[in-house]
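Everything on this sheet refers to the single structure shown next.
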Amino acid sequence: MQATETPTQLPQVTEPRNPGQELDMDWVMSARANTSAIERRCASLPGRRSVKKEFQAAWLCRAISCIDLTTLAGDDTAGRVARLCAKARQPVRPDILKPLGMEGLTVGAVCVYHDMIAPARDALTGTGIPVAAVSTGFPAGLSPFHLRVAEIGESVKVGADEIDIVISRRHVLTGNWQALYDEMRAFRTACGGAHVKAILATGELGSLRNVARASLVCMMAGADFIKTSTGKEAVNATLPVSLVMIRAIRDYHQRTGYRVGYKPAGGISKAKDALVYLSLIKEELGNRWLQPDLFRFGASSLLGDIERQLDHHVTGAYSASWRHAMG
Ligand SMILES: O=C[C@H](O)COP(=O)(O)O
């Protein structure tokens, strides 16, 4: 990754929202995933070695601007969410951001459970930082369908800007693509003006081919983003799964003209891994997808590691451990 742009130099454009389309079964069934080719591509990925040292800080700031800063714990409180939102507004110490020319940098969004939307809204008033809520019986999605739809409506009513829905994995595992399409379409409709991210829970879908097909079906049904995982599955975001989903997004864009966003989530906690993901996006989809309206990291602890690495850069203490970590 040899890019020299800083996050502030990225074009600010408004993307037309994916309206979805009819379910195209021929297209869905033609989706394949060649596992060995995917593994070869992932093994050859740039990232650690190819981000030049002088550009790393800019790329790490880019990563921050794309984080959905997340807390999804049973013991979440309004106080914890308020602290998370303070971090979302000012993700890195000002004395680190100033020399980088990145004052005013914020994360992409804050992601919480339904009951934490109101505290998050209060804490983010006037910042423009969106609130995302997980929904539809997150994380398993096994509550009654009408309640899952109603949950979306409740979250939109109290101010969620984005809704992260979970799909019914069984529809994928049984090849019931029509049922998956209908479910996703209903969720998208219930979201109204709020953007909808479709969580595929890829670690539970059985095969990369299923991941490719589920990605296409959700986009056809109007997903604004497709997202790998809830963070609660045994296997969450991985590079092979990401490659399959990103290529489905590219295919969808080539055929329909609509850009759908991508959100890897779960287990991404290291700055060096964030750079690999950014490299993958840049190479497979291009710079346009490296903005928060089309790319997010779903992460609860990634920001802490990025802040530590930026601190090293700015204070000149470019540590041996970081050099080692970056290969
Ligand atoms: O969607 C976000 C994930 O739940 C966060 O997962 P994490 O805690 O492993 O970073």
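All residue names refer to the structure tokens as shown: chains lettered A, B, ... in order, residues numbered from 1 in each chain, ligands numbered from 1 in order.
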
Checklist entry - Which parts of segment 80-222 of chain A does DSSP call helix (DSSP H, G or I) when run on the backbone here, written out as a count of residues only? => result 77

Next on the checklist: When you look at Val92 of chain A with a cut-off of 7 Å (counting only C-alpha atoms), what residues show up, excluding the ones that are within fewer than 3 positions of it in the same chain? I need them as a PyMOL selection string.
Outcome noted: chain A and resi 96-97+307

Expected file: the selected residues, N, CA and C atoms, as a PDB file, in the first residue's frame:
ATOM      1  N   ILE A  96      -1.178  14.304  20.337  1.00  0.00           N
ATOM      2  CA  ILE A  96      -0.773  13.332  19.306  1.00  0.00           C
ATOM      3  C   ILE A  96      -1.340  13.767  17.955  1.00  0.00           C
ATOM      4  N   LEU A  97      -2.595  14.222  17.959  1.00  0.00           N
ATOM      5  CA  LEU A  97      -3.255  14.550  16.685  1.00  0.00           C
ATOM      6  C   LEU A  97      -2.725  15.844  16.064  1.00  0.00           C
ATOM      7  N   GLU A 307      -4.018   3.976  19.186  1.00  0.00           N
ATOM      8  CA  GLU A 307      -3.565   5.166  19.916  1.00  0.00           C
ATOM      9  C   GLU A 307      -2.139   4.980  20.424  1.00  0.00           C
TER      10      GLU A 307
END

What are the closest atom pairs, with distances in Å to one decimal, for all residues of chain A lying within 8 Å of ligand 1? Consider only C-alpha atoms and all ligand atoms, order rows by chain and residue number, and present the result as CSV.
residue,atom,partner,partner_atom_place_in_ligand_line,distance
A:Asp68,CA,ligand 1,2 (C),7.3
A:Leu69,CA,ligand 1,2 (C),7.8
A:Thr70,CA,ligand 1,2 (C),5.7
A:Thr71,CA,ligand 1,4 (O),7.2
A:Leu72,CA,ligand 1,4 (O),6.3
A:Cys111,CA,ligand 1,1 (O),7.3
A:Ser229,CA,ligand 1,1 (O),6.7
A:Thr230,CA,ligand 1,4 (O),4.9
A:Gly231,CA,ligand 1,4 (O),3.8
A:Lys232,CA,ligand 1,4 (O),6.6
A:Asn236,CA,ligand 1,9 (O),7.9
A:Pro264,CA,ligand 1,1 (O),7.9
A:Ala265,CA,ligand 1,1 (O),4.8
A:Gly266,CA,ligand 1,6 (O),3.5
A:Gly267,CA,ligand 1,9 (O),3.7
A:Ile268,CA,ligand 1,10 (O),5.6
A:Ser269,CA,ligand 1,10 (O),6.2
A:Phe297,CA,ligand 1,2 (C),7.6
A:Gly298,CA,ligand 1,2 (C),3.9
A:Ala299,CA,ligand 1,10 (O),3.4
A:Ser300,CA,ligand 1,10 (O),3.9
A:Ser301,CA,ligand 1,10 (O),5.5
A:Leu302,CA,ligand 1,10 (O),6.8

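The two atoms in question, atom CA of Lys157 of chain A and atom CA of Phe138 of chain A, are spaced 18.1 Å apart.
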
Could you pull the residues within 9 Å of segment 13-23 of chain A, counting only C-alpha atoms, minus those fewer than 6 positions along the same chain, as an mmCIF file with N, CA and C atoms, in the first residue's frame?
data_model
loop_
_atom_site.group_PDB
_atom_site.id
_atom_site.type_symbol
_atom_site.label_atom_id
_atom_site.label_comp_id
_atom_site.auth_asym_id
_atom_site.auth_seq_id
_atom_site.Cartn_x
_atom_site.Cartn_y
_atom_site.Cartn_z
ATOM 1 N N TRP A 177 -32.885 -19.229 -0.059
ATOM 2 C CA TRP A 177 -32.466 -17.857 -0.395
ATOM 3 C C TRP A 177 -33.653 -16.909 -0.461
ATOM 4 N N GLN A 178 -34.813 -17.433 -0.858
ATOM 5 C CA GLN A 178 -36.013 -16.590 -0.900
ATOM 6 C C GLN A 178 -36.359 -16.112 0.518
ATOM 7 N N TYR A 181 -33.929 -13.477 1.573
ATOM 8 C CA TYR A 181 -34.237 -12.225 0.863
ATOM 9 C C TYR A 181 -35.443 -11.537 1.508
ATOM 10 N N ARG A 185 -35.366 -7.965 3.342
ATOM 11 C CA ARG A 185 -36.193 -6.898 2.750
ATOM 12 C C ARG A 185 -37.080 -6.276 3.840
ATOM 13 N N HIS A 195 -29.717 3.567 8.174
ATOM 14 C CA HIS A 195 -28.978 2.619 7.332
ATOM 15 C C HIS A 195 -28.925 1.247 8.003
ATOM 16 N N VAL A 217 -27.450 -12.008 -1.676
ATOM 17 C CA VAL A 217 -28.887 -11.943 -1.369
ATOM 18 C C VAL A 217 -29.192 -10.721 -0.489
ATOM 19 N N CYS A 218 -28.348 -10.489 0.515
ATOM 20 C CA CYS A 218 -28.595 -9.338 1.400
ATOM 21 C C CYS A 218 -28.475 -8.021 0.639
ATOM 22 N N MET A 219 -27.524 -7.945 -0.281
ATOM 23 C CA MET A 219 -27.401 -6.712 -1.079
ATOM 24 C C MET A 219 -28.603 -6.553 -2.008
ATOM 25 N N MET A 220 -29.048 -7.654 -2.609
ATOM 26 C CA MET A 220 -30.230 -7.583 -3.481
ATOM 27 C C MET A 220 -31.459 -7.113 -2.685
ATOM 28 N N ALA A 221 -31.495 -7.465 -1.406
ATOM 29 C CA ALA A 221 -32.636 -7.079 -0.560
ATOM 30 C C ALA A 221 -32.480 -5.680 0.030
ATOM 31 N N GLY A 222 -31.369 -4.993 -0.309
ATOM 32 C CA GLY A 222 -31.254 -3.585 0.070
ATOM 33 C C GLY A 222 -30.342 -3.272 1.234
ATOM 34 N N ALA A 223 -29.437 -4.187 1.596
ATOM 35 C CA ALA A 223 -28.500 -3.872 2.686
ATOM 36 C C ALA A 223 -27.602 -2.703 2.284
ATOM 37 N N ASP A 224 -27.377 -1.786 3.240
ATOM 38 C CA ASP A 224 -26.435 -0.680 2.995
ATOM 39 C C ASP A 224 -25.007 -1.131 3.253
ATOM 40 N N THR A 256 -24.842 -3.425 -10.772
ATOM 41 C CA THR A 256 -25.986 -2.543 -10.470
ATOM 42 C C THR A 256 -25.615 -1.068 -10.404
ATOM 43 N N GLY A 257 -24.320 -0.782 -10.208
ATOM 44 C CA GLY A 257 -23.904 0.611 -10.064
ATOM 45 C C GLY A 257 -23.973 1.105 -8.625
ATOM 46 N N TYR A 258 -24.452 0.268 -7.690
ATOM 47 C CA TYR A 258 -24.577 0.708 -6.293
ATOM 48 C C TYR A 258 -23.428 0.190 -5.443
ATOM 49 N N ARG A 259 -22.904 1.089 -4.614
ATOM 50 C CA ARG A 259 -21.820 0.718 -3.702
ATOM 51 C C ARG A 259 -22.408 0.338 -2.351
ATOM 52 N N VAL A 260 -22.095 -0.864 -1.906
ATOM 53 C CA VAL A 260 -22.510 -1.330 -0.583
ATOM 54 C C VAL A 260 -21.275 -1.338 0.311
ATOM 55 N N ASP A 293 -18.373 6.068 5.185
ATOM 56 C CA ASP A 293 -19.715 5.737 4.674
ATOM 57 C C ASP A 293 -19.727 4.393 3.947
ATOM 58 N N LEU A 294 -18.540 3.833 3.687
ATOM 59 C CA LEU A 294 -18.494 2.538 3.000
ATOM 60 C C LEU A 294 -17.598 1.509 3.685
#

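When only C-alpha atoms are used to compute distances to Met29 of chain A, the closest of the residues A:His146, A:Arg209, A:Arg308, A:Lys270 turns out to be A:Arg209.
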
Checklist entry - Mind pulling up the distance from atom CA of Ser155 of chain A to atom CA of Ser215 of chain A? => result 24.2 Å

Could you make a table, as JSON lines, of the residues of segment 144-220 of chain A that have an atom within 8 Å of an atom of segment 243-249 of chain A, each with its nearest atom pair and distance in Å to one decimal, counting only C-alpha atoms, in chain and number order?
{"residue": "A:Leu208", "atom": "CA", "partner": "A:Val244", "partner_atom": "CA", "distance": 7.0}
{"residue": "A:Val211", "atom": "CA", "partner": "A:Met245", "partner_atom": "CA", "distance": 7.0}
{"residue": "A:Ala212", "atom": "CA", "partner": "A:Val244", "partner_atom": "CA", "distance": 5.9}
{"residue": "A:Ser215", "atom": "CA", "partner": "A:Met245", "partner_atom": "CA", "distance": 6.2}
{"residue": "A:Leu216", "atom": "CA", "partner": "A:Ala248", "partner_atom": "CA", "distance": 6.3}

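Shell of Lys98 of chain A at 12 Å, with only C-alpha atoms counted and residues fewer than 5 places along the chain excluded, is Val92, Arg93, Glu103, Gly104, Leu105, Leu310, Asp311, Val314 and Thr315 of chain A.
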
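For the set A:Gly141, A:Ala274, A:Ala58, A:Ala201, the residue with the smallest atom-to-atom gap to Gly101 of chain A is A:Ala58, counting only C-alpha atoms.
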
So which residues of segment 61-91 of chain A fall under strand (DSSP E or B) by DSSP, listed as a PDB file with C-alpha atoms, in the first residue's frame?
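This is the output file result25.pdb:
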ATOM      1  CA  ILE A  67     -14.216   2.407  13.634  1.00  0.00           C
ATOM      2  CA  ASP A  68     -17.670   1.567  14.958  1.00  0.00           C
ATOM      3  CA  LEU A  69     -16.587   1.938  18.574  1.00  0.00           C
ATOM      4  CA  THR A  70     -18.505  -0.831  20.256  1.00  0.00           C
TER       5      THR A  70
END

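Computed from the coordinates, the atom CA of Ala214 of chain A to atom CA of Val28 of chain A distance equals 8.2 Å.
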
Checklist entry - If you count only C-alpha atoms, which residues fall within 8 Å of segment 80-84 of chain A, apart from same-chain ones fewer than 2 positions away, as JSON, numbers by chain? => result {"A": [69, 71, 76, 77, 78, 86, 87, 88, 110, 116, 119, 120, 123]}

Output N, CA and C atoms for every residue in the selection just made, as a CSV table (one decimal), in the first residue's frame.
chain,number,residue,atom,x,y,z
A,69,LEU,N,-17.1,2.2,17.2
A,69,LEU,CA,-16.6,1.9,18.6
A,69,LEU,C,-17.7,1.3,19.4
A,71,THR,N,-19.6,-1.2,22.4
A,71,THR,CA,-19.7,-2.0,23.6
A,71,THR,C,-21.0,-2.8,23.6
A,76,ASP,N,-23.4,-3.4,30.4
A,76,ASP,CA,-23.3,-2.0,30.0
A,76,ASP,C,-24.2,-1.1,30.8
A,77,THR,N,-23.7,0.1,31.1
A,77,THR,CA,-24.5,1.1,31.8
A,77,THR,C,-24.4,2.4,31.1
A,78,ALA,N,-25.3,3.3,31.5
A,78,ALA,CA,-25.2,4.7,30.8
A,78,ALA,C,-23.9,5.3,31.1
A,86,ALA,N,-17.3,9.7,24.9
A,86,ALA,CA,-16.2,10.7,25.1
A,86,ALA,C,-15.0,10.3,24.3
A,87,LYS,N,-14.7,9.0,24.3
A,87,LYS,CA,-13.6,8.5,23.5
A,87,LYS,C,-13.9,8.6,22.0
A,88,ALA,N,-15.2,8.4,21.6
A,88,ALA,CA,-15.5,8.5,20.2
A,88,ALA,C,-15.3,9.9,19.7
A,110,VAL,N,-20.7,5.0,17.0
A,110,VAL,CA,-20.7,4.2,18.3
A,110,VAL,C,-21.8,3.1,18.1
A,116,MET,N,-29.1,1.2,25.3
A,116,MET,CA,-28.0,2.2,25.4
A,116,MET,C,-28.0,3.3,24.3
A,119,PRO,N,-28.6,7.0,26.0
A,119,PRO,CA,-27.4,7.6,26.6
A,119,PRO,C,-26.4,8.0,25.6
A,120,ALA,N,-26.3,7.1,24.5
A,120,ALA,CA,-25.3,7.4,23.5
A,120,ALA,C,-25.7,8.7,22.7
A,123,ALA,N,-24.9,11.7,24.8
A,123,ALA,CA,-23.4,12.0,24.9
A,123,ALA,C,-22.8,12.5,23.6

Next on the checklist: Counting only C-alpha atoms, which residue out of A:Leu205, A:Ile165, A:Ile64, A:Val172 sits closest to Asp305 of chain A?
Outcome noted: A:Ile64
